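Here is structure13.cif, consisting of mmCIF, C-alpha atoms:
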```cif
data_entry
loop_
_atom_site.label_atom_id
_atom_site.label_comp_id
_atom_site.auth_asym_id
_atom_site.auth_seq_id
_atom_site.Cartn_x
_atom_site.Cartn_y
_atom_site.Cartn_z
CA MET A 22 30.48 184.83 98.10
CA LYS A 23 28.63 182.25 100.16
CA PRO A 24 29.35 182.22 103.89
CA ASN A 25 30.42 178.90 105.44
CA HIS A 26 29.98 179.83 109.08
CA HIS A 27 26.49 180.82 110.18
CA LEU A 28 24.45 182.20 113.04
CA ASP A 29 23.84 179.76 115.86
CA ASP A 30 20.24 178.48 116.04
CA ALA A 31 19.84 179.89 119.56
CA THR A 32 20.91 183.30 118.24
CA MET A 33 18.43 182.94 115.36
CA LEU A 34 15.51 182.24 117.72
CA SER A 35 16.35 185.30 119.80
CA TYR A 36 16.73 187.48 116.71
CA SER A 37 13.33 186.37 115.47
CA ALA A 38 11.81 186.96 118.92
CA GLY A 39 13.24 190.48 119.10
CA ALA A 40 15.16 189.29 122.16
CA LEU A 41 18.74 189.65 120.98
CA PRO A 42 20.66 192.52 122.63
CA THR A 43 20.97 195.40 120.15
CA ALA A 44 24.70 195.14 119.40
CA LEU A 45 24.40 191.41 118.63
CA ALA A 46 21.29 192.02 116.50
CA ILE A 47 23.23 194.55 114.38
CA VAL A 48 25.97 192.02 113.58
CA ALA A 49 23.36 189.29 112.99
CA SER A 50 21.52 191.61 110.54
CA ALA A 51 24.78 192.32 108.70
CA HIS A 52 25.36 188.58 108.27
CA LEU A 53 21.73 187.99 107.21
CA GLU A 54 22.17 190.54 104.42
CA ARG A 55 24.89 188.34 102.97
CA CYS A 56 23.55 184.90 103.76
CA ALA A 57 20.50 183.37 102.06
CA VAL A 58 20.90 180.20 104.15
CA CYS A 59 20.41 182.14 107.39
CA ARG A 60 17.52 184.14 105.90
CA ALA A 61 15.75 180.83 105.22
CA HIS A 62 16.40 179.77 108.83
CA LEU A 63 15.06 183.11 110.01
CA LEU A 64 11.83 182.46 108.13
CA ASP A 65 11.53 179.14 109.99
CA ALA A 66 12.11 180.95 113.29
CA ASP A 67 9.49 183.57 112.36
CA ARG A 68 7.05 180.74 111.55
CA ILE A 69 7.48 179.47 115.10
CA GLY A 70 6.80 182.97 116.48
CA GLY A 71 3.80 183.35 114.18
CA LEU A 72 2.38 180.04 115.29
CA LEU A 73 2.87 180.76 119.00
CA VAL A 74 1.01 184.06 118.65
CA HIS A 75 -1.64 182.48 116.40
CA HIS A 76 -2.40 179.74 118.95
CA GLN A 77 -2.69 181.88 122.06
CA ARG A 78 -6.00 181.56 123.88
CA VAL A 79 -7.79 184.90 123.83
CA ASP A 80 -11.17 186.51 124.38
CA ALA A 81 -13.33 187.84 121.60
CA PRO A 82 -12.27 191.23 120.18
CA VAL A 83 -13.49 194.28 122.07
CA GLU A 84 -16.40 195.97 120.27
CA SER A 85 -15.05 199.50 120.81
CA ALA A 86 -11.68 198.48 119.34
CA ARG A 87 -13.45 197.01 116.28
CA ALA A 88 -15.31 200.28 115.80
CA ALA A 89 -12.05 202.23 116.10
CA MET A 90 -10.44 199.99 113.48
CA LEU A 91 -13.36 200.54 111.08
CA ALA A 92 -13.08 204.28 111.63
CA LEU A 93 -9.40 204.09 110.68
CA LEU A 94 -10.32 202.29 107.45
CA ASP A 95 -12.76 205.13 106.66
CA ALA A 96 -9.85 207.54 106.83
CA GLU A 97 -7.77 205.49 104.40
CA PRO A 98 -7.61 206.43 100.71
CA ALA A 99 -10.02 204.36 98.60
CA THR A 100 -7.38 202.98 96.32
CA GLU A 101 -4.29 201.22 97.44
CA GLN A 102 -1.17 203.32 97.36
CA GLN A 103 1.19 202.34 94.62
CA MET A 104 4.27 200.96 96.27
CA PRO A 105 7.61 201.80 94.71
CA VAL A 106 9.12 198.95 92.77
CA ALA A 107 11.71 197.07 94.84
CA ASP A 108 15.26 198.21 94.25
CA VAL A 109 17.33 196.02 92.04
CA VAL A 110 19.87 194.29 94.23
CA ALA A 111 23.17 195.92 93.40
CA ALA A 112 26.17 193.84 92.42
CA HIS A 113 28.43 193.15 95.36
CA ASP A 114 30.79 196.06 95.97
CA PRO A 115 33.69 194.98 98.22
CA ASP A 116 34.07 198.52 99.57
CA ARG A 117 30.47 198.74 100.72
CA LEU A 118 29.78 197.88 104.34
CA PRO A 119 26.57 195.94 105.11
CA ASP A 120 23.51 198.25 105.37
CA ALA A 121 23.00 197.29 109.02
CA LEU A 122 26.34 198.91 109.87
CA HIS A 123 25.76 202.23 108.04
CA PRO A 124 24.18 204.07 110.99
CA TRP A 125 27.21 203.22 113.10
CA PHE A 126 30.19 203.25 110.76
CA GLY A 127 29.12 204.81 107.44
CA ASN A 128 28.99 202.84 104.22
CA SER A 129 32.57 202.62 102.98
CA LEU A 130 35.32 200.33 104.17
CA ARG A 131 38.01 202.58 102.68
CA ALA A 132 36.65 205.71 104.34
CA LEU A 133 36.92 204.29 107.88
CA ARG A 134 39.13 206.20 110.30
CA TRP A 135 40.96 203.63 112.36
CA ARG A 136 42.52 204.10 115.75
CA ARG A 137 45.51 202.01 116.75
CA VAL A 138 44.97 200.24 120.06
CA ALA A 139 47.83 197.72 120.06
CA PRO A 140 50.60 196.68 117.70
CA GLY A 141 48.85 195.36 114.57
CA VAL A 142 45.36 196.03 116.00
CA GLN A 143 43.15 198.98 115.05
CA ARG A 144 39.66 199.61 116.27
CA ILE A 145 36.59 201.82 115.79
CA GLN A 146 34.10 201.85 118.62
CA ALA A 147 30.44 202.53 117.78
CA GLY A 148 28.89 205.13 120.02
CA GLY A 149 25.35 205.10 121.34
CA VAL A 150 24.49 201.40 121.05
CA SER A 151 22.04 200.88 123.88
CA GLY A 152 22.37 197.13 124.38
CA GLY A 153 25.97 195.90 124.43
CA ASP A 154 29.15 196.89 122.73
CA LEU A 155 29.82 197.20 118.98
CA MET A 156 33.19 197.72 117.32
CA LEU A 157 35.12 197.28 114.11
CA LEU A 158 38.53 195.65 114.32
CA ARG A 159 41.36 195.64 111.82
CA ILE A 160 44.06 193.11 112.55
CA ALA A 161 47.33 193.00 110.58
CA PRO A 162 47.81 190.02 108.23
CA GLY A 163 49.66 187.05 109.72
CA SER A 164 48.95 188.01 113.35
CA LYS A 165 48.51 185.40 116.04
CA LEU A 166 46.05 186.55 118.68
CA PRO A 167 46.43 185.41 122.28
CA LEU A 168 44.58 182.22 123.22
CA HIS A 169 41.27 183.22 124.74
CA SER A 170 37.72 182.13 125.49
CA HIS A 171 34.57 184.20 125.46
CA GLY A 172 32.65 185.32 128.51
CA GLY A 173 29.06 186.23 127.61
CA SER A 174 27.61 186.25 124.13
CA GLU A 175 29.81 187.57 121.36
CA LEU A 176 29.25 187.67 117.63
CA THR A 177 31.94 188.47 115.05
CA LEU A 178 31.39 188.94 111.30
CA ILE A 179 34.33 188.99 108.88
CA LEU A 180 34.13 191.87 106.40
CA ASP A 181 37.50 191.53 104.67
CA GLY A 182 40.58 189.33 104.97
CA ALA A 183 40.39 186.09 106.91
CA TYR A 184 41.55 184.12 109.93
CA ASP A 185 41.88 180.50 110.96
CA ASP A 186 41.29 178.90 114.33
CA VAL A 187 40.27 175.50 115.74
CA LEU A 188 36.79 176.00 114.27
CA GLY A 189 38.07 176.46 110.74
CA HIS A 190 38.69 179.17 108.18
CA PHE A 191 36.68 182.38 108.50
CA GLY A 192 36.48 184.61 105.43
CA PRO A 193 34.27 187.54 104.33
CA GLY A 194 30.61 186.98 105.25
CA ASP A 195 31.40 184.28 107.82
CA VAL A 196 30.17 184.82 111.33
CA ALA A 197 31.71 183.42 114.50
CA ASP A 198 28.90 182.85 116.98
CA LEU A 199 30.78 181.35 119.87
CA ASP A 200 29.80 179.78 123.13
CA GLY A 201 31.50 181.03 126.25
CA GLU A 202 33.36 177.74 126.57
CA VAL A 203 35.20 177.79 123.23
CA LEU A 204 38.90 178.41 123.66
CA HIS A 205 40.54 179.63 120.47
CA GLN A 206 43.50 181.42 119.02
CA PRO A 207 42.71 183.10 115.70
CA VAL A 208 45.59 183.56 113.25
CA THR A 209 44.90 186.11 110.54
CA SER A 210 45.69 185.09 106.97
CA PRO A 211 48.63 186.61 105.12
CA GLY A 212 48.01 189.29 102.49
CA VAL A 213 45.35 191.77 103.60
CA PRO A 214 44.35 192.82 107.13
CA CYS A 215 41.42 190.98 108.68
CA ILE A 216 38.56 193.43 109.19
CA CYS A 217 35.63 192.33 111.29
CA VAL A 218 32.72 193.74 113.22
CA ALA A 219 32.31 192.36 116.72
CA ALA A 220 29.48 192.70 119.24
CA THR A 221 29.17 191.71 122.85
CA ASP A 222 26.16 191.89 125.14
CA ALA A 223 28.31 192.99 128.04
CA PRO A 224 27.00 196.18 129.65
CA LEU A 225 30.48 197.58 130.25
CA LYS A 226 33.00 198.54 127.65
CA PHE A 227 35.98 196.30 127.15
CA SER A 228 34.70 193.61 129.43
CA GLY A 229 34.83 190.82 126.88
CA TRP A 230 37.61 188.67 125.54
CA LEU A 231 38.94 191.52 123.48
CA ALA A 232 39.56 193.52 126.59
CA ARG A 233 41.41 190.68 128.25
CA MET A 234 43.35 190.25 125.05
CA LEU A 235 44.20 193.91 124.71
CA GLN A 236 44.54 194.61 128.40
CA PRO A 237 48.19 193.58 128.72
CA LEU A 238 48.98 195.31 125.44
CA VAL A 239 47.43 198.70 126.03
CA GLY A 240 46.63 198.67 129.73
CA PHE A 241 42.97 199.68 129.73
CA MET B 18 -9.97 178.97 118.14
CA ASN B 19 -12.07 178.52 115.03
CA GLU B 20 -10.96 175.70 112.86
CA PRO B 21 -10.54 177.57 109.58
CA ALA B 22 -7.79 179.46 111.42
CA SER B 23 -5.37 176.63 110.74
CA ASP B 24 -6.03 176.79 107.05
CA ALA B 25 -3.45 178.89 105.23
CA LEU B 26 -5.63 178.96 102.12
CA TYR B 27 -8.54 180.45 104.09
CA TRP B 28 -6.36 183.34 105.26
CA SER B 29 -4.71 184.00 101.92
CA THR B 30 -8.15 184.13 100.26
CA LEU B 31 -9.20 186.82 102.75
CA VAL B 32 -6.02 188.83 102.14
CA ALA B 33 -6.56 188.52 98.38
CA ALA B 34 -10.07 189.98 98.79
CA VAL B 35 -8.65 192.90 100.78
CA SER B 36 -6.00 193.48 98.14
CA ALA B 37 -8.25 193.16 95.10
CA ARG B 38 -11.49 194.77 96.32
CA ARG B 39 -10.66 196.56 99.59
CA ASP B 40 -13.10 194.10 101.10
CA ARG B 41 -13.92 195.19 104.64
CA ALA B 42 -15.76 192.06 105.66
CA SER B 43 -12.74 189.93 104.80
CA PHE B 44 -10.46 192.38 106.56
CA MET B 45 -12.56 192.30 109.72
CA ARG B 46 -12.46 188.50 109.79
CA ILE B 47 -8.68 188.79 109.82
CA TYR B 48 -8.96 191.52 112.45
CA ASP B 49 -11.26 189.49 114.69
CA HIS B 50 -8.80 186.63 114.75
CA PHE B 51 -5.49 188.48 114.98
CA ALA B 52 -6.27 191.66 116.97
CA PRO B 53 -6.88 189.93 120.32
CA ARG B 54 -3.85 187.69 119.76
CA LEU B 55 -1.54 190.58 118.95
CA GLN B 56 -2.94 192.48 121.90
CA ARG B 57 -2.13 189.55 124.19
CA TYR B 58 1.33 189.15 122.62
CA LEU B 59 2.22 192.81 123.15
CA ARG B 60 0.79 192.93 126.67
CA ASN B 61 2.90 189.87 127.58
CA LEU B 62 5.95 191.74 126.32
CA GLY B 63 5.15 194.40 128.88
CA VAL B 64 3.64 196.97 126.52
CA PRO B 65 1.13 199.22 128.35
CA GLU B 66 -2.48 198.58 127.34
CA SER B 67 -3.18 201.80 125.43
CA MET B 68 0.08 201.53 123.50
CA ALA B 69 -0.64 197.87 122.73
CA ASP B 70 -4.06 198.92 121.36
CA GLU B 71 -2.39 201.43 119.08
CA LEU B 72 0.25 198.97 117.87
CA VAL B 73 -2.40 196.33 117.11
CA GLN B 74 -4.30 198.87 115.01
CA GLU B 75 -1.12 199.94 113.28
CA ALA B 76 -0.11 196.33 112.53
CA LEU B 77 -3.49 195.57 110.98
CA LEU B 78 -3.60 198.87 109.13
CA THR B 79 -0.28 197.82 107.62
CA LEU B 80 -2.00 194.68 106.38
CA TRP B 81 -4.84 196.79 104.90
CA ARG B 82 -2.33 199.01 103.11
CA LYS B 83 0.13 196.39 102.00
CA ALA B 84 -2.21 193.50 101.29
CA ASP B 85 -0.93 193.46 97.69
CA GLN B 86 2.55 192.69 98.98
CA PHE B 87 1.41 189.61 100.86
CA ASP B 88 2.70 186.55 99.05
CA PRO B 89 1.26 183.29 100.41
CA ALA B 90 4.06 181.41 98.67
CA ARG B 91 6.61 183.14 100.92
CA ALA B 92 4.95 183.29 104.30
CA SER B 93 1.66 182.38 105.92
CA LEU B 94 -0.52 185.20 107.22
CA ALA B 95 0.34 184.24 110.81
CA THR B 96 4.07 184.58 110.02
CA TRP B 97 3.52 187.84 108.17
CA VAL B 98 1.42 189.41 110.92
CA TYR B 99 3.91 188.23 113.54
CA ARG B 100 6.78 189.91 111.69
CA VAL B 101 4.85 193.17 111.37
CA ALA B 102 3.92 193.23 115.07
CA ARG B 103 7.41 192.22 116.21
CA ASN B 104 8.96 194.93 114.04
CA LEU B 105 6.58 197.57 115.41
CA TYR B 106 7.44 196.46 118.95
CA ILE B 107 11.18 196.81 118.31
CA ASP B 108 10.71 200.12 116.50
CA GLN B 109 8.32 201.82 118.88
CA VAL B 110 8.68 200.11 122.25
CA ARG B 111 12.36 199.27 122.24
CA ARG B 112 12.94 202.42 120.19
CA GLU B 113 15.50 201.07 117.77
CA PRO B 114 15.15 203.34 114.74
CA HIS B 115 17.40 201.25 112.50
CA TRP B 116 15.55 197.96 112.84
CA LEU B 117 12.66 198.63 110.41
CA PRO B 118 14.75 199.77 107.40
CA ILE B 119 17.06 196.77 107.94
CA GLN B 120 14.12 194.35 107.99
CA GLU B 121 12.70 195.95 104.85
CA GLY B 122 16.08 195.47 103.20
CA LEU B 123 16.21 191.79 104.19
CA ASP B 124 12.67 191.37 102.91
CA LYS B 125 13.63 192.82 99.53
CA LEU B 126 16.54 190.39 99.28
CA ASP B 127 14.16 187.49 99.95
CA GLN B 128 11.66 188.83 97.48
CA ALA B 129 14.30 189.09 94.77
CA GLU B 130 15.40 185.58 95.63
CA SER B 131 11.98 183.95 95.58
CA ASP B 132 11.36 185.62 92.22
CA ARG B 133 14.50 183.92 90.96
CA LEU B 134 14.22 180.55 92.61
CA ASP B 135 11.32 178.22 92.90
CA SER B 136 11.05 178.51 96.66
CA GLU B 137 9.09 176.18 98.86
CA PRO B 138 5.63 177.69 99.28
CA GLU B 139 4.69 178.13 102.89
CA SER B 140 1.03 177.67 102.14
CA LEU B 141 1.89 174.03 101.50
CA PHE B 142 3.66 173.63 104.80
CA ASP B 143 1.52 172.16 107.50
CA HIS B 144 0.96 174.39 110.51
CA GLY B 145 -0.55 171.40 112.27
CA THR B 146 2.75 169.53 112.27
CA LEU B 147 4.65 172.49 113.70
CA LYS B 148 1.96 172.97 116.35
CA GLN B 149 2.26 169.31 117.32
CA ALA B 150 6.05 169.61 117.46
CA ILE B 151 5.75 172.64 119.77
CA ASP B 152 3.31 170.74 121.99
CA ARG B 153 5.69 167.78 122.13
CA LEU B 154 8.79 169.71 123.24
CA PRO B 155 10.18 168.62 126.61
CA PRO B 156 8.91 171.03 129.32
CA VAL B 157 12.20 172.91 129.77
CA GLN B 158 12.67 173.48 126.04
CA ALA B 159 9.04 174.56 125.70
CA LYS B 160 9.47 177.01 128.56
CA LEU B 161 12.63 178.51 127.05
CA VAL B 162 11.03 178.88 123.61
CA ARG B 163 8.07 180.68 125.19
CA MET B 164 10.28 182.95 127.32
CA CYS B 165 12.19 183.81 124.17
CA TYR B 166 9.22 184.55 121.89
CA LEU B 167 6.40 185.51 124.21
CA GLU B 168 8.41 187.42 126.80
CA SER B 169 11.25 188.55 124.53
CA LYS B 170 13.89 187.58 127.07
CA SER B 171 17.54 187.42 126.06
CA HIS B 172 19.65 184.32 126.72
CA SER B 173 21.31 185.97 129.71
CA GLU B 174 17.98 187.14 131.15
CA ILE B 175 16.61 183.59 130.84
CA SER B 176 19.80 182.22 132.37
CA ALA B 177 19.53 184.60 135.35
CA GLU B 178 15.81 184.08 135.86
CA LEU B 179 15.93 180.27 135.80
CA ASP B 180 19.34 180.05 137.43
CA MET B 181 20.47 177.96 134.47
CA PRO B 182 23.97 178.23 132.93
CA LEU B 183 24.05 180.37 129.76
CA GLY B 184 25.49 177.44 127.80
CA SER B 185 22.55 175.22 128.80
CA VAL B 186 20.03 177.91 127.82
CA LYS B 187 21.60 178.11 124.38
CA SER B 188 21.92 174.37 123.86
CA SER B 189 18.29 173.78 124.92
CA LEU B 190 17.06 176.46 122.52
CA ARG B 191 19.23 174.96 119.80
CA ARG B 192 17.75 171.49 120.34
CA ALA B 193 14.23 172.93 120.39
CA PHE B 194 14.79 174.79 117.12
CA ALA B 195 16.22 171.67 115.46
CA LYS B 196 13.11 169.67 116.42
CA LEU B 197 10.70 172.36 115.28
CA GLN B 198 12.57 172.89 112.04
CA GLY B 199 12.51 169.14 111.46
CA SER B 200 8.72 169.29 111.67
CA ILE B 201 8.53 171.87 108.90
CA GLY B 202 10.75 170.00 106.52
CA GLY B 203 14.21 170.59 108.04
CA ARG B 204 16.39 172.84 105.99
CA ARG B 205 19.90 172.28 107.21
#
```
Will you turn the file into structure tokens for me?
Amino acid sequence: MKPNHHLDDATMLSYSAGALPTALAIVASAHLERCAVCRAHLLDADRIGGLLVHHQRVDAPVESARAAMLALLDAEPATEQQMPVADVVAAHDPDRLPDALHPWFGNSLRALRWRRVAPGVQRIQAGGVSGGDLMLLRIAPGSKLPLHSHGGSELTLILDGAYDDVLGHFGPGDVADLDGEVLHQPVTSPGVPCICVAATDAPLKFSGWLARMLQPLVGF
Amino acid sequence: MNEPASDALYWSTLVAAVSARRDRASFMRIYDHFAPRLQRYLRNLGVPESMADELVQEALLTLWRKADQFDPARASLATWVYRVARNLYIDQVRREPHWLPIQEGLDKLDQAESDRLDSEPESLFDHGTLKQAIDRLPPVQAKLVRMCYLESKSHSEISAELDMPLGSVKSSLRRAFAKLQGSIGGRR
């Protein structure tokens, strides 16, 4: 499964800089787990960060701090600790949610407890995300969502099923990293429900496009 | 800055000495270069001085402990140290407990991949070219890149601070990244 739709370069720079709001960073991490192309881009972004830090003009190190560092080395064991051998990467299990989502939604797609918010739309809201809003959405196959654009920054990763819009076909592993200006009308594919994880950087709940979309349906 | 600093081979030789012989002199040469830079980086991100001191020590202690995991074919020392310091900042200053395990997971995936594939060794990539490309960015793009990395500002914070539309912030950063990536071989 190789994703066809990737993280935007501006999102990648912010992720590398540790400047992406938490909810967006969680969805970006989940995509990175499944996308070697984006991991390679992330390395490029980290190289830029490394170089910027490397080339800062600074004074000589403080002598007392050097001494403190040497004292810390004295306290270290003489031989290097044996690091555990890296886990073998498990074969892809379609039921397993990306690791980045486990703290918020558990690890199994089947075990999720959905809540119906509109006809054909179910949702699970993550609690306790400090920066932004994070939710899972399950949209019935063959649904046409209302035409909408996005306000602030929003990031959506497809976990199962698929949808089509003006930007193309989005299947499992694909991420929609949309500018505020894009106006689109996703249509979910027939067959299985489209399950995705969506993040916004909006400080208030339901202030993004999803809210406007669901507002007339459920009257938030 | 001392000239050997731009030489990836120089740094990887020092790390190899730390890994193979627990060589303190080599370690302290790494320390002398990176500690003040990490200190400055963290202070610019708004980390209080004493906490920044601690994080710098912790970042370099990580290097001492995990020197055997440093692979110059995957990342230069500057990149590696940057990742460690950035991760500590997100873990301990921004207090996001899930960030570190996720980054370790991504790292393992990359490790498994570079074992499988013949990946492009970073030690062969020229830091000088990237540095030149950064220096040649148009002033606005350079400013945005710095606000992003050295002040850790989000797109919307940058947009508010510079009174620049969010879309323009993103497109400028995108153009800057494309140019910088082009200078390191361009992957897309």
| request: Excluding range 206-217 of chain A and any residue of its chain fewer than 5 positions from it, enumerate the residues within 10 Å of it, using all atoms listed in the file, and give them as a PyMOL selection string. | output: chain A and resi 48+130+141-144+156-170+177-196
| task | Output as a ChimeraX atom specification the set of chain B residues within 6 Å of chain A, with distances taken over all atoms listed in the file. | result | /B:49,53,95-96,99,166,169-171,187,190-191
For the point (6.8, 192.0, 116.9) in file coordinates, what residues are within 9 Å, counting only C-alpha atoms? Give the answer as a short mmCIF file (atom, residue, chain, number, x, y, z; two decimals) with C-alpha atoms, keeping the file's coordinate frame?
```cif
data_model
loop_
_atom_site.label_atom_id
_atom_site.label_comp_id
_atom_site.auth_asym_id
_atom_site.auth_seq_id
_atom_site.Cartn_x
_atom_site.Cartn_y
_atom_site.Cartn_z
CA SER A 37 13.33 186.37 115.47
CA ALA A 38 11.81 186.96 118.92
CA GLY A 39 13.24 190.48 119.10
CA LEU B 55 -1.54 190.58 118.95
CA TYR B 58 1.33 189.15 122.62
CA LEU B 59 2.22 192.81 123.15
CA VAL B 98 1.42 189.41 110.92
CA TYR B 99 3.91 188.23 113.54
CA ARG B 100 6.78 189.91 111.69
CA VAL B 101 4.85 193.17 111.37
CA ALA B 102 3.92 193.23 115.07
CA ARG B 103 7.41 192.22 116.21
CA ASN B 104 8.96 194.93 114.04
CA LEU B 105 6.58 197.57 115.41
CA TYR B 106 7.44 196.46 118.95
CA ILE B 107 11.18 196.81 118.31
#
```
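For the pair CA of Phe51 in chain B and CA of Val73 in chain B, the interatomic distance is 8.7 Å.
Nearest to Gly149 in chain A of all the residues A:Ala92, A:Leu176, A:Ala197, A:Ala44 is A:Ala44, counting all atoms listed in the file.
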| request: Find the distance between CA of Ser129 in chain A and CA of Glu113 in chain B and write it in Å to one decimal. | output: 22.6 Å
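Shortest atom-to-atom contact with Thr79 in chain B among B:Ala92, B:Leu197, B:Val35, B:Ser67: B:Val35, counting all atoms listed in the file.
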| said: Could you list, as a list in words, every residue within 9 Å of Ile175 in chain B, counting all atoms listed in the file and ignoring same-chain residues fewer than 5 positions away? | reply: Leu161, Met164, Cys165, Lys170, Asp180, Met181, Leu183 and Val186 of chain B
Restrict the selected residues to C-alpha atoms and save them as a CSV table (one decimal), keeping the file's coordinate frame.
```csv
chain,number,residue,atom,x,y,z
B,161,LEU,CA,12.6,178.5,127.0
B,164,MET,CA,10.3,183.0,127.3
B,165,CYS,CA,12.2,183.8,124.2
B,170,LYS,CA,13.9,187.6,127.1
B,180,ASP,CA,19.3,180.0,137.4
B,181,MET,CA,20.5,178.0,134.5
B,183,LEU,CA,24.0,180.4,129.8
B,186,VAL,CA,20.0,177.9,127.8
```
| query | Quick one: residues within 9 Å of Leu31 in chain B, only C-alpha atoms counted, chain neighbours fewer than 4 positions away excluded, as a PyMOL selection string? | reply | chain B and resi 26-27+35-36+40+42-44+46-47
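Taking CA of Asp198 in chain A and CA of Asp154 in chain A as endpoints, the distance between them is 15.2 Å.
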| Between B:Ala25, B:Ala84, B:Met45, B:Leu62, which is the closest to Arg111 in chain B once you count only C-alpha atoms? |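 Of the candidates, the smallest distance to Arg111 in chain B is held by B:Leu62.
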| request: Find, counting all atoms listed in the file, the residue in B:Val162, B:Asp124, B:Ser189, B:Gly199 that gets nearest to Phe87 in chain B. | output: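 Ranked by minimum distance to Phe87 in chain B, first place goes to B:Asp124.
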Do you know which residues lie at most 12 Å from (2.9, 171.3, 114.5), with coordinates as in the file and all atoms listed in the file counted, and could you write them as a PDB file with C-alpha atoms, in the frame of the given file?
```
ATOM      1  CA  ARG A  68       7.050 180.740 111.550  1.00  0.00           C
ATOM      2  CA  ILE A  69       7.480 179.470 115.100  1.00  0.00           C
ATOM      3  CA  LEU A  72       2.380 180.040 115.290  1.00  0.00           C
ATOM      4  CA  LEU A  73       2.870 180.760 119.000  1.00  0.00           C
ATOM      5  CA  HIS A  76      -2.400 179.740 118.950  1.00  0.00           C
TER       6      HIS A  76
ATOM      7  CA  SER B  23      -5.370 176.630 110.740  1.00  0.00           C
ATOM      8  CA  PHE B 142       3.660 173.630 104.800  1.00  0.00           C
ATOM      9  CA  ASP B 143       1.520 172.160 107.500  1.00  0.00           C
ATOM     10  CA  HIS B 144       0.960 174.390 110.510  1.00  0.00           C
ATOM     11  CA  GLY B 145      -0.550 171.400 112.270  1.00  0.00           C
ATOM     12  CA  THR B 146       2.750 169.530 112.270  1.00  0.00           C
ATOM     13  CA  LEU B 147       4.650 172.490 113.700  1.00  0.00           C
ATOM     14  CA  LYS B 148       1.960 172.970 116.350  1.00  0.00           C
ATOM     15  CA  GLN B 149       2.260 169.310 117.320  1.00  0.00           C
ATOM     16  CA  ALA B 150       6.050 169.610 117.460  1.00  0.00           C
ATOM     17  CA  ILE B 151       5.750 172.640 119.770  1.00  0.00           C
ATOM     18  CA  ASP B 152       3.310 170.740 121.990  1.00  0.00           C
ATOM     19  CA  ARG B 153       5.690 167.780 122.130  1.00  0.00           C
ATOM     20  CA  LEU B 154       8.790 169.710 123.240  1.00  0.00           C
ATOM     21  CA  LYS B 196      13.110 169.670 116.420  1.00  0.00           C
ATOM     22  CA  LEU B 197      10.700 172.360 115.280  1.00  0.00           C
ATOM     23  CA  GLN B 198      12.570 172.890 112.040  1.00  0.00           C
ATOM     24  CA  GLY B 199      12.510 169.140 111.460  1.00  0.00           C
ATOM     25  CA  SER B 200       8.720 169.290 111.670  1.00  0.00           C
ATOM     26  CA  ILE B 201       8.530 171.870 108.900  1.00  0.00           C
ATOM     27  CA  GLY B 202      10.750 170.000 106.520  1.00  0.00           C
TER      28      GLY B 202
END
```
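Shortest atom-to-atom contact with Arg39 in chain B among A:Pro24, A:Asp95, A:Gly148, A:Ala219: A:Asp95, counting all atoms listed in the file.
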